[in-house]
>>> print(open('entry-v8.tsv').read())   # TSV, C-alpha atoms
chain	number	residue	atom	x	y	z
H	398	MET	CA	-15.21	-3.62	-10.56
H	399	CYS	CA	-12.58	-2.38	-8.11
H	400	LEU	CA	-13.74	-2.33	-4.48
H	401	ALA	CA	-10.52	-1.27	-2.76
H	402	GLU	CA	-7.38	0.33	-4.12
H	403	LEU	CA	-4.00	1.65	-3.07
H	404	ASN	CA	-2.35	3.89	-5.65
H	405	ASN	CA	1.40	4.64	-5.39
H	406	VAL	CA	1.32	4.67	-1.60
H	407	TYR	CA	4.33	5.58	0.51
H	408	LYS	CA	4.43	5.14	4.29
H	409	ARG	CA	7.35	5.65	6.64
H	410	PHE	CA	7.74	5.09	10.38
H	411	GLY	CA	10.76	7.11	11.44
H	412	ASN	CA	13.66	5.88	9.33
H	413	VAL	CA	11.81	2.73	8.22
H	414	THR	CA	10.02	2.68	4.87
H	415	ALA	CA	7.01	0.41	5.35
H	416	LEU	CA	5.46	0.96	1.89
H	417	ASP	CA	7.39	2.12	-1.16
H	418	CYS	CA	5.18	3.18	-4.10
H	419	LEU	CA	2.75	0.34	-3.43
H	420	SER	CA	-0.30	-0.18	-5.65
H	421	LEU	CA	-2.95	-2.84	-5.02
H	422	ARG	CA	-6.45	-3.52	-6.35
H	423	ALA	CA	-9.14	-5.75	-4.86
H	424	ASN	CA	-11.81	-6.55	-7.42
H	425	ALA	CA	-15.38	-7.71	-6.92
H	426	GLY	CA	-15.93	-11.45	-6.73
H	427	GLU	CA	-12.26	-12.27	-6.14
H	428	LEU	CA	-10.00	-13.34	-3.33
H	429	LEU	CA	-6.77	-11.34	-3.44
H	430	ALA	CA	-3.95	-12.96	-1.48
H	431	VAL	CA	-1.18	-10.62	-0.38
H	432	LEU	CA	1.95	-12.64	0.34
H	433	GLY	CA	5.18	-11.64	1.96
H	434	PRO	CA	7.58	-12.34	4.81
H	435	ASN	CA	7.23	-10.64	8.17
H	436	GLY	CA	7.90	-6.93	7.78
H	437	ALA	CA	7.00	-6.88	4.07
H	438	GLY	CA	4.32	-4.22	4.60
H	439	LYS	CA	1.19	-6.38	4.47
H	440	THR	CA	-0.39	-5.14	7.69
H	441	THR	CA	0.49	-1.52	6.93
H	442	ALA	CA	-1.17	-1.79	3.51
H	443	ILE	CA	-4.35	-3.21	5.04
H	444	SER	CA	-4.36	-0.58	7.78
H	445	ILE	CA	-4.27	2.19	5.17
H	446	LEU	CA	-7.07	0.57	3.18
H	447	LEU	CA	-9.11	0.45	6.39
H	448	GLY	CA	-8.44	4.09	7.24
H	449	LEU	CA	-6.50	3.16	10.38
H	450	LEU	CA	-3.38	4.83	8.95
H	451	ARG	CA	-2.93	7.61	6.43
H	452	PRO	CA	-0.38	7.36	3.63
H	453	ASP	CA	2.47	9.86	3.48
H	454	LYS	CA	1.97	9.95	-0.29
H	455	GLY	CA	-0.45	8.30	-2.67
H	456	SER	CA	-4.11	7.51	-2.17
H	457	ALA	CA	-6.46	4.86	-0.82
H	458	GLN	CA	-10.05	4.22	-1.81
H	459	LEU	CA	-12.70	1.89	-0.42
H	460	PHE	CA	-15.88	1.45	-2.50
H	461	GLY	CA	-14.87	4.53	-4.46
H	462	THR	CA	-14.64	6.78	-1.42
H	463	ALA	CA	-12.31	7.55	1.48
H	464	PRO	CA	-11.75	4.55	3.78
H	465	SER	CA	-12.89	6.63	6.75
H	466	GLU	CA	-16.43	7.07	5.36
H	467	LEU	CA	-19.07	5.30	7.46
H	468	THR	CA	-20.91	4.11	4.36
H	469	ALA	CA	-17.79	2.24	3.27
H	470	ARG	CA	-17.10	0.79	6.72
H	471	ARG	CA	-20.58	-0.71	6.93
H	472	ARG	CA	-19.88	-2.74	3.80
H	473	MET	CA	-16.73	-4.46	5.04
H	474	GLY	CA	-15.55	-6.91	7.70
H	475	VAL	CA	-12.13	-6.98	9.33
H	476	MET	CA	-9.91	-9.46	11.13
H	477	MET	CA	-6.55	-7.99	12.13
H	478	GLN	CA	-3.51	-9.66	13.69
H	479	GLU	CA	-3.56	-7.68	16.92
H	480	VAL	CA	-6.91	-7.15	18.63
H	481	TYR	CA	-8.17	-6.62	22.14
H	482	LEU	CA	-11.66	-7.78	23.05
H	483	ALA	CA	-13.47	-7.71	26.39
H	484	PRO	CA	-12.41	-10.98	28.07
H	485	GLU	CA	-15.55	-11.30	30.19
H	486	LEU	CA	-17.99	-11.24	27.27
H	487	ARG	CA	-19.02	-14.55	25.76
H	488	VAL	CA	-18.36	-15.23	22.10
H	489	ARG	CA	-22.06	-14.96	21.23
H	490	GLU	CA	-22.26	-11.59	22.99
H	491	HIS	CA	-19.30	-10.27	21.01
H	492	ILE	CA	-20.91	-11.38	17.76
H	493	ASP	CA	-24.26	-9.83	18.68
H	494	LEU	CA	-22.55	-6.55	19.56
H	495	ILE	CA	-20.58	-6.33	16.31
H	496	ALA	CA	-23.55	-7.44	14.20
H	497	SER	CA	-25.59	-4.56	15.62
H	498	TYR	CA	-23.39	-2.09	13.69
H	499	TYR	CA	-24.42	-3.51	10.29
H	500	PRO	CA	-27.65	-3.00	8.32
H	501	ALA	CA	-28.28	-6.65	7.35
H	502	PRO	CA	-26.06	-8.96	9.44
H	503	PHE	CA	-26.11	-12.68	9.95
H	504	ALA	CA	-27.78	-13.88	13.12
H	505	ALA	CA	-25.19	-15.00	15.66
H	506	ASP	CA	-26.13	-18.65	15.19
H	507	GLU	CA	-25.71	-18.31	11.40
H	508	ALA	CA	-22.29	-16.68	11.75
H	509	MET	CA	-21.09	-19.34	14.17
H	510	GLU	CA	-22.40	-22.19	12.04
H	511	LEU	CA	-20.71	-20.76	8.95
H	512	THR	CA	-17.39	-20.40	10.80
H	513	HIS	CA	-17.63	-23.68	12.76
H	514	THR	CA	-17.51	-21.82	16.08
H	515	THR	CA	-20.85	-22.90	17.60
H	516	PRO	CA	-19.10	-24.86	20.42
H	517	LEU	CA	-17.49	-21.58	21.55
H	518	ALA	CA	-20.77	-19.62	21.75
H	519	ASN	CA	-21.17	-19.48	25.53
H	520	ARG	CA	-17.51	-19.39	26.50
H	521	PRO	CA	-15.96	-16.15	27.82
H	522	TYR	CA	-13.55	-14.78	25.25
H	523	GLY	CA	-10.77	-14.48	27.84
H	524	LYS	CA	-10.93	-18.22	28.55
H	525	LEU	CA	-10.26	-19.25	24.95
H	526	SER	CA	-6.95	-20.57	23.63
H	527	GLY	CA	-5.04	-18.55	21.08
H	528	GLY	CA	-6.38	-20.59	18.18
H	529	GLN	CA	-9.95	-20.42	19.50
H	530	LYS	CA	-9.67	-16.65	19.78
H	531	ARG	CA	-8.70	-16.47	16.09
H	532	GLN	CA	-11.73	-18.60	15.21
H	533	ALA	CA	-14.01	-16.34	17.27
H	534	GLN	CA	-12.51	-13.24	15.63
H	535	PHE	CA	-13.26	-14.76	12.24
H	536	ALA	CA	-16.92	-15.19	13.19
H	537	MET	CA	-17.02	-11.54	14.29
H	538	ALA	CA	-15.41	-10.43	11.01
H	539	ILE	CA	-18.07	-12.09	8.84
H	540	CYS	CA	-21.13	-11.54	11.02
H	541	GLY	CA	-22.05	-8.26	9.28
H	542	ARG	CA	-22.45	-10.07	5.95
H	543	PRO	CA	-19.69	-7.88	4.42
H	544	GLU	CA	-19.27	-7.27	0.72
H	545	LEU	CA	-15.51	-6.99	1.26
H	546	LEU	CA	-13.65	-8.90	3.94
H	547	PHE	CA	-10.13	-8.03	5.13
H	548	LEU	CA	-8.25	-10.88	6.81
H	549	ASP	CA	-4.76	-10.19	8.14
H	550	GLU	CA	-2.88	-13.48	8.74
H	551	PRO	CA	-6.14	-15.18	9.84
H	552	THR	CA	-4.80	-18.74	10.13
H	553	THR	CA	-1.75	-17.95	12.26
H	554	GLY	CA	-1.90	-20.17	15.33
H	555	LEU	CA	-4.55	-22.53	13.95
H	556	ASP	CA	-4.09	-26.28	13.74
H	557	VAL	CA	-4.44	-28.05	10.39
H	558	GLN	CA	-8.09	-28.99	10.92
H	559	SER	CA	-9.12	-25.47	11.95
H	560	ARG	CA	-7.20	-23.95	9.04
H	561	GLU	CA	-8.96	-26.21	6.53
H	562	ALA	CA	-12.33	-25.34	8.10
H	563	MET	CA	-11.57	-21.63	7.65
H	564	TRP	CA	-10.54	-22.23	4.04
H	565	GLN	CA	-13.87	-23.98	3.46
H	566	THR	CA	-15.74	-20.98	4.83
H	567	LEU	CA	-13.75	-18.53	2.70
H	568	ARG	CA	-14.56	-20.49	-0.45
H	569	GLN	CA	-18.25	-20.43	0.52
H	570	LEU	CA	-18.20	-16.67	1.10
H	571	VAL	CA	-16.69	-16.05	-2.34
H	572	ARG	CA	-19.24	-18.35	-3.97
H	573	ASP	CA	-21.96	-16.32	-2.24
H	574	GLY	CA	-20.62	-13.07	-3.72
H	575	ALA	CA	-18.19	-11.70	-1.12
H	576	SER	CA	-14.76	-10.35	-2.04
H	577	ILE	CA	-11.76	-10.97	0.19
H	578	VAL	CA	-8.34	-9.46	0.77
H	579	LEU	CA	-6.19	-12.02	2.58
H	580	THR	CA	-2.69	-11.34	3.84
H	581	THR	CA	-0.60	-14.40	4.55
H	582	HIS	CA	2.96	-15.68	4.47
H	583	TYR	CA	1.74	-19.19	3.68
H	584	LEU	CA	2.23	-19.79	-0.04
H	585	GLU	CA	0.04	-22.90	0.06
H	586	GLU	CA	-2.82	-20.81	1.45
H	587	ALA	CA	-2.71	-18.51	-1.55
H	588	GLU	CA	-2.54	-21.48	-3.91
H	589	ALA	CA	-5.58	-23.05	-2.30
H	590	LEU	CA	-7.77	-19.95	-2.21
H	591	ALA	CA	-6.68	-17.03	-4.35
H	592	ASP	CA	-7.90	-15.70	-7.67
H	593	GLN	CA	-5.20	-13.02	-7.69
H	594	VAL	CA	-1.90	-12.89	-5.81
H	595	ALA	CA	0.46	-10.02	-4.96
H	596	VAL	CA	3.86	-10.78	-3.43
H	597	LEU	CA	5.33	-8.01	-1.25
H	598	ALA	CA	8.88	-7.48	-0.02
H	599	LYS	CA	10.27	-4.38	1.68
H	600	GLY	CA	7.07	-2.46	0.99
H	601	ARG	CA	6.97	-3.13	-2.75
H	602	VAL	CA	5.06	-5.49	-5.02
H	603	ILE	CA	7.68	-7.80	-6.53
H	604	ALA	CA	5.29	-10.19	-8.30
H	605	ALA	CA	1.59	-10.07	-9.11
H	606	GLY	CA	-0.96	-11.90	-11.21
H	607	SER	CA	-3.28	-14.86	-11.23
H	608	VAL	CA	-2.43	-18.01	-9.32
H	609	GLU	CA	-1.41	-19.64	-12.60
H	610	GLN	CA	0.89	-16.74	-13.43
H	611	ILE	CA	2.51	-16.91	-10.01
H	612	ARG	CA	2.96	-20.65	-10.41
H	613	SER	CA	4.73	-20.12	-13.72
H	614	MET	CA	7.08	-17.67	-12.02
H	615	VAL	CA	7.97	-20.00	-9.18
H	616	SER	CA	8.53	-22.95	-11.49
H	617	ARG	CA	11.68	-21.30	-12.83
H	618	LYS	CA	15.05	-23.00	-12.62
H	619	ARG	CA	18.38	-21.65	-11.45
H	620	ILE	CA	21.64	-22.32	-13.26
H	621	VAL	CA	24.95	-21.88	-11.43
H	622	CYS	CA	28.19	-21.87	-13.40
H	623	SER	CA	31.69	-20.45	-13.75
H	624	THR	CA	32.04	-18.66	-17.08
H	625	ALA	CA	33.98	-15.95	-18.87
H	626	LEU	CA	30.73	-14.61	-20.32
H	627	ALA	CA	29.58	-11.24	-18.98
H	628	ALA	CA	26.46	-11.16	-16.80
H	629	ALA	CA	24.99	-8.39	-18.99
H	630	GLN	CA	25.43	-10.55	-22.10
H	631	ILE	CA	23.52	-13.46	-20.57
H	632	GLN	CA	20.89	-11.13	-19.10
H	633	ALA	CA	19.98	-10.06	-22.65
H	634	TRP	CA	18.91	-13.58	-23.61
H	635	PRO	CA	15.09	-13.82	-23.79
H	636	GLU	CA	14.87	-16.93	-21.57
H	637	VAL	CA	16.86	-15.27	-18.76
H	638	GLU	CA	15.06	-13.38	-16.00
H	639	ARG	CA	17.94	-12.51	-13.70
H	640	VAL	CA	21.72	-12.93	-13.50
H	641	THR	CA	23.47	-12.49	-10.16
H	642	PRO	CA	27.25	-12.78	-9.66
H	643	ALA	CA	28.23	-14.51	-6.41
H	644	ASN	CA	31.53	-16.01	-5.22
H	645	GLY	CA	33.06	-15.98	-8.66
H	646	GLN	CA	30.08	-17.69	-10.29
H	647	LEU	CA	26.91	-16.59	-12.03
H	648	HIS	CA	23.48	-17.53	-10.67
H	649	ILE	CA	21.05	-17.42	-13.62
H	650	VAL	CA	17.28	-17.61	-13.12
H	651	VAL	CA	15.67	-18.88	-16.32
H	652	THR	CA	12.32	-19.85	-17.82
H	653	ASP	CA	13.79	-22.29	-20.38
H	654	CYS	CA	16.62	-24.13	-18.71
H	655	GLU	CA	17.60	-26.49	-21.53
H	656	ASP	CA	17.94	-23.74	-24.12
H	657	VAL	CA	20.03	-21.55	-21.84
H	658	VAL	CA	22.35	-24.43	-20.94
H	659	ARG	CA	22.90	-25.16	-24.64
H	660	ARG	CA	23.66	-21.49	-25.33
H	661	LEU	CA	26.06	-21.29	-22.40
H	662	LEU	CA	28.01	-24.35	-23.59
H	663	ALA	CA	28.10	-23.07	-27.16
H	664	ALA	CA	29.25	-19.57	-26.14
H	665	ASP	CA	31.92	-20.64	-23.63
H	666	GLU	CA	33.81	-23.88	-24.27
H	667	ASN	CA	35.62	-23.45	-20.95
H	668	LEU	CA	32.42	-23.17	-18.92
H	669	SER	CA	32.71	-25.19	-15.67
H	670	ASN	CA	30.99	-26.02	-12.37
H	671	LEU	CA	27.63	-26.19	-14.11
H	672	GLU	CA	24.69	-26.91	-11.79
H	673	VAL	CA	20.94	-26.80	-12.41
H	674	HIS	CA	18.54	-26.39	-9.51
H	675	ARG	CA	14.78	-26.89	-9.76
H	676	ALA	CA	12.90	-24.49	-7.50
H	677	GLY	CA	10.02	-25.84	-5.45
H	678	LEU	CA	7.17	-23.51	-4.50
H	679	ALA	CA	8.47	-22.65	-1.06
H	680	GLU	CA	12.04	-22.28	-2.31
H	681	ALA	CA	10.96	-20.03	-5.16
H	682	PHE	CA	8.92	-17.78	-2.88
H	683	THR	CA	11.90	-17.49	-0.55
H	684	GLU	CA	14.14	-16.72	-3.51
H	685	LEU	CA	11.81	-14.00	-4.81
H	686	THR	CA	11.71	-12.20	-1.49
H	687	LYS	CA	15.42	-12.75	-0.87
H	688	GLU	CA	16.31	-11.23	-4.24
H	689	ALA	CA	14.11	-8.23	-3.48
H	690	ALA	CA	15.85	-7.76	-0.14
>>> encode(input="entry-v8.tsv", output="C-alpha cells")
Amino acid sequence: MCLAELNNVYKRFGNVTALDCLSLRANAGELLAVLGPNGAGKTTAISILLGLLRPDKGSAQLFGTAPSELTARRRMGVMMQEVYLAPELRVREHIDLIASYYPAPFAADEAMELTHTTPLANRPYGKLSGGQKRQAQFAMAICGRPELLFLDEPTTGLDVQSREAMWQTLRQLVRDGASIVLTTHYLEEAEALADQVAVLAKGRVIAAGSVEQIRSMVSRKRIVCSTALAAAQIQAWPEVERVTPANGQLHIVVTDCEDVVRRLLAADENLSNLEVHRAGLAEAFTELTKEAA
C-alpha cells in the first residue's frame, strides 16, 4: 500500500529547476532511502510531500489525501535538516510538547529510551552540541508514534557510535510496523537500512529499485579504449549500458566486462589503450550522479 507519493512533480526556484518530473512512492512497511549529492532535490521533494511547498506541476499525496490535511499530519513524524527550537526548553519539555499534538504518542521516557537520548532529558536544548541536537530532534520526530516517518539527512554531524545507535532504532521502528522515508548522501546508510532506494541527481530519479538491484547497478565495470568503432555501434550491444567519448577514447560502462572486451578485440584488430576499471560502491554512486550532471 502506498502511503506517500509524488507524481511527475516539477518545482523551480527562479531559474533553478529543483525537481524535474520527479515521481516517488513510499510503501507501507518499507524504508525508502532517497540518495543524492547536495542540491539533488532531496529536501525539496520531502518538503512537497510534507505540504511545506507546493509543486509547480504534478501532484503529491500523503495517506491518499493532500499533505496539508490535519488527519494526514497526525500520522507522520518529521526530522528536517534545518530547524529552530526554543533553546531554553529542556529536551524532555520539547518531547512532551510535540507528543501532545498526537492521538497516541510515546511517553517522553519511552521516546528517549528508544532513541538513546535519556542522558539529554534535562538539558536545555540550546546547550547541546550539534550532534546532540540531531539526536534530540530524532526523539521528537518519533515521539508521536508515527505510521510514516520522514528523516532528512538525520545522521549528518553524528559520530560513528551515535549513527549506529540511530540505525538500530530505525530498524526497530520498521520491525514494529512504521514506514520511513530517509534522505541521505551516504550510500552505506542506504545499504544498511533500505528496502527500496531512489537515486536523485539534478531533480530527477536516475536509478531506483531494491537494494539488491542498486547493488547490481553499481557493480558495473568501465572499459576505456581507443578504437575505430563507432560509439553508437557499441551502444547497441546488449551488455553495454553507456558509451561516452572523451579525449579521443571511449568510456564504456558494461554489465558483462569479459564478453564486451572479447567483442571489442574481435571487431577492431587495431584497438589500443585498453583499460578495465572495477567500480566500488562509492565510485559507482559518484559516477551515476556525475553522468546525470
>>> residues_around(input="entry-v8.tsv", residues="H:His582", least_positions_apart="4", cutoff="9 Å", atoms="only C-alpha atoms", output="tab-separated table (two decimals) with C-alpha atoms, keeping the file's coordinate frame")
chain	number	residue	atom	x	y	z
H	431	VAL	CA	-1.18	-10.62	-0.38
H	432	LEU	CA	1.95	-12.64	0.34
H	433	GLY	CA	5.18	-11.64	1.96
H	434	PRO	CA	7.58	-12.34	4.81
H	435	ASN	CA	7.23	-10.64	8.17
H	550	GLU	CA	-2.88	-13.48	8.74
H	586	GLU	CA	-2.82	-20.81	1.45
H	587	ALA	CA	-2.71	-18.51	-1.55
>>> closest_residue(input="entry-v8.tsv", among="H:Val488, H:Ala483, H:Ala437, H:Cys654", to="H:Lys618", atoms="only C-alpha atoms")
H:Cys654
>>> residues_around(input="entry-v8.tsv", residues="stretch 640-651 of chain H", least_positions_apart="5", cutoff="9 Å", atoms="all atoms listed in the file", output="number ranges by chain")
H: 617-624, 628-629, 631-632, 657, 670
>>> write_last_selection(input="entry-v8.tsv", atoms="C-alpha atoms", output="JSON list (two decimals), keeping the file's coordinate frame")
[["chain", "number", "residue", "atom", "x", "y", "z"],
["H", 617, "ARG", "CA", 11.68, -21.30, -12.83],
["H", 618, "LYS", "CA", 15.05, -23.00, -12.62],
["H", 619, "ARG", "CA", 18.38, -21.65, -11.45],
["H", 620, "ILE", "CA", 21.64, -22.32, -13.26],
["H", 621, "VAL", "CA", 24.95, -21.88, -11.43],
["H", 622, "CYS", "CA", 28.19, -21.87, -13.40],
["H", 623, "SER", "CA", 31.69, -20.45, -13.75],
["H", 624, "THR", "CA", 32.04, -18.66, -17.08],
["H", 628, "ALA", "CA", 26.46, -11.16, -16.80],
["H", 629, "ALA", "CA", 24.99, -8.39, -18.99],
["H", 631, "ILE", "CA", 23.52, -13.46, -20.57],
["H", 632, "GLN", "CA", 20.89, -11.13, -19.10],
["H", 657, "VAL", "CA", 20.03, -21.55, -21.84],
["H", 670, "ASN", "CA", 30.99, -26.02, -12.37]]
>>> closest_residue(input="entry-v8.tsv", among="H:Leu548, H:Ala625, H:Leu482, H:Ala415", to="H:Leu668", atoms="all atoms listed in the file")
H:Ala625
>>> closest_residue(input="entry-v8.tsv", among="H:Ala627, H:Phe460, H:Leu450, H:Thr553", to="H:Glu479", atoms="only C-alpha atoms")
H:Thr553
>>> atom_distance(input="entry-v8.tsv", atom1="atom CA of H:Arg675", atom2="atom CA of H:Gly600")
27.8 Å
>>> residues_around(input="entry-v8.tsv", residues="H:Glu666", least_positions_apart="3", cutoff="12 Å", atoms="all atoms listed in the file", output="MDAnalysis selection string")
chainID H and resid 623:626 658:663 669
>>> closest_residue(input="entry-v8.tsv", among="H:Gly436, H:Glu585, H:Ala575, H:Asp653", to="H:Thr686", atoms="only C-alpha atoms")
H:Gly436
>>> closest_residue(input="entry-v8.tsv", among="H:Ala401, H:Cys540, H:Leu671, H:Cys418", to="H:Gly474", atoms="all atoms listed in the file")
H:Cys540
>>> residues_around(input="entry-v8.tsv", residues="H:Ala533", least_positions_apart="3", cutoff="7 Å", atoms="all atoms listed in the file", output="list in words")
Val488, Thr514, Gln529, Lys530, Ala536 and Met537 of chain H
>>> closest_residue(input="entry-v8.tsv", among="H:Gly541, H:Gly606, H:Gly528, H:Pro551", to="H:Ile495", atoms="all atoms listed in the file")
H:Gly541
>>> atom_distance(input="entry-v8.tsv", atom1="atom CA of H:Ala463", atom2="atom CA of H:Met477")
19.7 Å
>>> closest_atom_pairs(input="entry-v8.tsv", of="stretch 423-539 of chain H", to="stretch 590-593 of chain H", cutoff="10 Å", atoms="all atoms listed in the file", output="CSV")
residue,atom,partner,partner_atom,distance
H:Ala423,CA,H:Gln593,CA,8.7
H:Asn424,CA,H:Gln593,CA,9.3
H:Gly426,CA,H:Asp592,CA,9.1
H:Glu427,CA,H:Asp592,CA,5.8
H:Leu428,CA,H:Ala591,CA,5.1
H:Leu429,CA,H:Gln593,CA,4.8
H:Ala430,CA,H:Ala591,CA,5.7
H:Val431,CA,H:Gln593,CA,8.7
>>> residues_around(input="entry-v8.tsv", residues="H:Ala518", least_positions_apart="4", cutoff="12 Å", atoms="all atoms listed in the file", output="MDAnalysis selection string")
chainID H and resid 486:493 505:510 512:514 522 525 529:530 532:533 536:537
>>> axis_aligned_box(input="entry-v8.tsv", around="stretch 573-589 of chain H", padding_each_side="6 Å", output="lines of an AutoDock Vina configuration file")
center_x = -9.5
center_y = -16.3
center_z = 0.3
size_x = 36.9
size_y = 25.6
size_z = 20.5
>>> atom_distance(input="entry-v8.tsv", atom1="atom CA of H:Met473", atom2="atom CA of H:Leu403")
16.3 Å
>>> decode(input="entry-v8.tsv", residues="stretch 410-495 of chain H", atoms="C-alpha atoms", output="mmCIF file, in the first residue's frame")
data_model
loop_
_atom_site.group_PDB
_atom_site.id
_atom_site.type_symbol
_atom_site.label_atom_id
_atom_site.label_comp_id
_atom_site.auth_asym_id
_atom_site.auth_seq_id
_atom_site.Cartn_x
_atom_site.Cartn_y
_atom_site.Cartn_z
ATOM 1 C CA PHE H 410 13.092 28.455 -7.716
ATOM 2 C CA GLY H 411 13.746 31.352 -10.064
ATOM 3 C CA ASN H 412 15.948 29.990 -12.841
ATOM 4 C CA VAL H 413 16.848 26.841 -10.899
ATOM 5 C CA THR H 414 14.936 23.624 -11.541
ATOM 6 C CA ALA H 415 14.850 21.794 -8.212
ATOM 7 C CA LEU H 416 12.613 18.895 -9.328
ATOM 8 C CA ASP H 417 12.203 17.770 -12.925
ATOM 9 C CA CYS H 418 9.308 15.330 -13.490
ATOM 10 C CA LEU H 419 10.059 13.533 -10.231
ATOM 11 C CA SER H 420 7.988 10.530 -9.130
ATOM 12 C CA LEU H 421 8.460 8.729 -5.815
ATOM 13 C CA ARG H 422 6.443 6.187 -3.821
ATOM 14 C CA ALA H 423 6.787 5.271 -0.156
ATOM 15 C CA ASN H 424 5.072 1.972 0.592
ATOM 16 C CA ALA H 425 3.824 0.576 3.879
ATOM 17 C CA GLY H 426 6.296 -1.464 5.887
ATOM 18 C CA GLU H 427 9.347 -0.252 3.957
ATOM 19 C CA LEU H 428 12.249 2.096 4.405
ATOM 20 C CA LEU H 429 12.753 4.144 1.247
ATOM 21 C CA ALA H 430 16.206 5.715 1.029
ATOM 22 C CA VAL H 431 16.479 8.734 -1.249
ATOM 23 C CA LEU H 432 20.106 9.237 -2.233
ATOM 24 C CA GLY H 433 21.787 12.079 -3.995
ATOM 25 C CA PRO H 434 24.511 14.706 -3.772
ATOM 26 C CA ASN H 435 23.869 18.122 -2.272
ATOM 27 C CA GLY H 436 21.443 20.029 -4.473
ATOM 28 C CA ALA H 437 19.930 16.878 -5.993
ATOM 29 C CA GLY H 438 16.414 17.841 -4.863
ATOM 30 C CA LYS H 439 16.028 15.556 -1.848
ATOM 31 C CA THR H 440 14.925 18.211 0.635
ATOM 32 C CA THR H 441 12.603 19.853 -1.893
ATOM 33 C CA ALA H 442 10.920 16.509 -2.577
ATOM 34 C CA ILE H 443 10.365 15.894 1.135
ATOM 35 C CA SER H 444 9.086 19.441 1.664
ATOM 36 C CA ILE H 445 6.445 18.922 -1.035
ATOM 37 C CA LEU H 446 5.396 15.590 0.462
ATOM 38 C CA LEU H 447 5.014 17.350 3.814
ATOM 39 C CA GLY H 448 2.952 20.185 2.356
ATOM 40 C CA LEU H 449 5.631 22.773 3.169
ATOM 41 C CA LEU H 450 5.989 23.569 -0.545
ATOM 42 C CA ARG H 451 3.589 23.252 -3.443
ATOM 43 C CA PRO H 452 4.671 21.774 -6.768
ATOM 44 C CA ASP H 453 4.555 23.928 -9.892
ATOM 45 C CA LYS H 454 3.241 20.880 -11.749
ATOM 46 C CA GLY H 455 2.353 17.354 -10.737
ATOM 47 C CA SER H 456 0.780 16.125 -7.530
ATOM 48 C CA ALA H 457 1.611 14.985 -4.011
ATOM 49 C CA GLN H 458 -0.405 12.691 -1.777
ATOM 50 C CA LEU H 459 0.011 11.656 1.847
ATOM 51 C CA PHE H 460 -2.161 8.771 3.082
ATOM 52 C CA GLY H 461 -4.304 9.232 -0.014
ATOM 53 C CA THR H 462 -5.075 12.879 0.670
ATOM 54 C CA ALA H 463 -3.468 16.304 0.375
ATOM 55 C CA PRO H 464 -0.317 16.669 2.525
ATOM 56 C CA SER H 465 -1.834 19.725 4.205
ATOM 57 C CA GLU H 466 -4.710 17.723 5.736
ATOM 58 C CA LEU H 467 -4.526 17.545 9.534
ATOM 59 C CA THR H 468 -5.566 13.889 9.540
ATOM 60 C CA ALA H 469 -2.504 13.060 7.445
ATOM 61 C CA ARG H 470 -0.142 15.186 9.534
ATOM 62 C CA ARG H 471 -1.154 13.412 12.731
ATOM 63 C CA ARG H 472 0.003 10.110 11.249
ATOM 64 C CA MET H 473 3.561 11.179 10.423
ATOM 65 C CA GLY H 474 6.768 12.315 12.112
ATOM 66 C CA VAL H 475 9.364 14.664 10.661
ATOM 67 C CA MET H 476 13.036 15.457 11.121
ATOM 68 C CA MET H 477 14.290 18.116 8.723
ATOM 69 C CA GLN H 478 17.813 19.432 8.132
ATOM 70 C CA GLU H 479 17.121 22.996 9.239
ATOM 71 C CA VAL H 480 15.068 23.508 12.386
ATOM 72 C CA TYR H 481 14.755 26.119 15.098
ATOM 73 C CA LEU H 482 13.660 25.062 18.568
ATOM 74 C CA ALA H 483 13.319 27.105 21.748
ATOM 75 C CA PRO H 484 16.816 26.997 23.289
ATOM 76 C CA GLU H 485 15.618 27.453 26.873
ATOM 77 C CA LEU H 486 13.321 24.412 26.888
ATOM 78 C CA ARG H 487 14.759 21.131 28.087
ATOM 79 C CA VAL H 488 14.753 18.128 25.780
ATOM 80 C CA ARG H 489 12.030 16.391 27.794
ATOM 81 C CA GLU H 490 9.851 19.507 27.594
ATOM 82 C CA HIS H 491 10.229 19.639 23.818
ATOM 83 C CA ILE H 492 9.234 15.988 23.531
ATOM 84 C CA ASP H 493 6.223 16.438 25.812
ATOM 85 C CA LEU H 494 5.085 19.446 23.778
ATOM 86 C CA ILE H 495 5.345 17.682 20.416
#
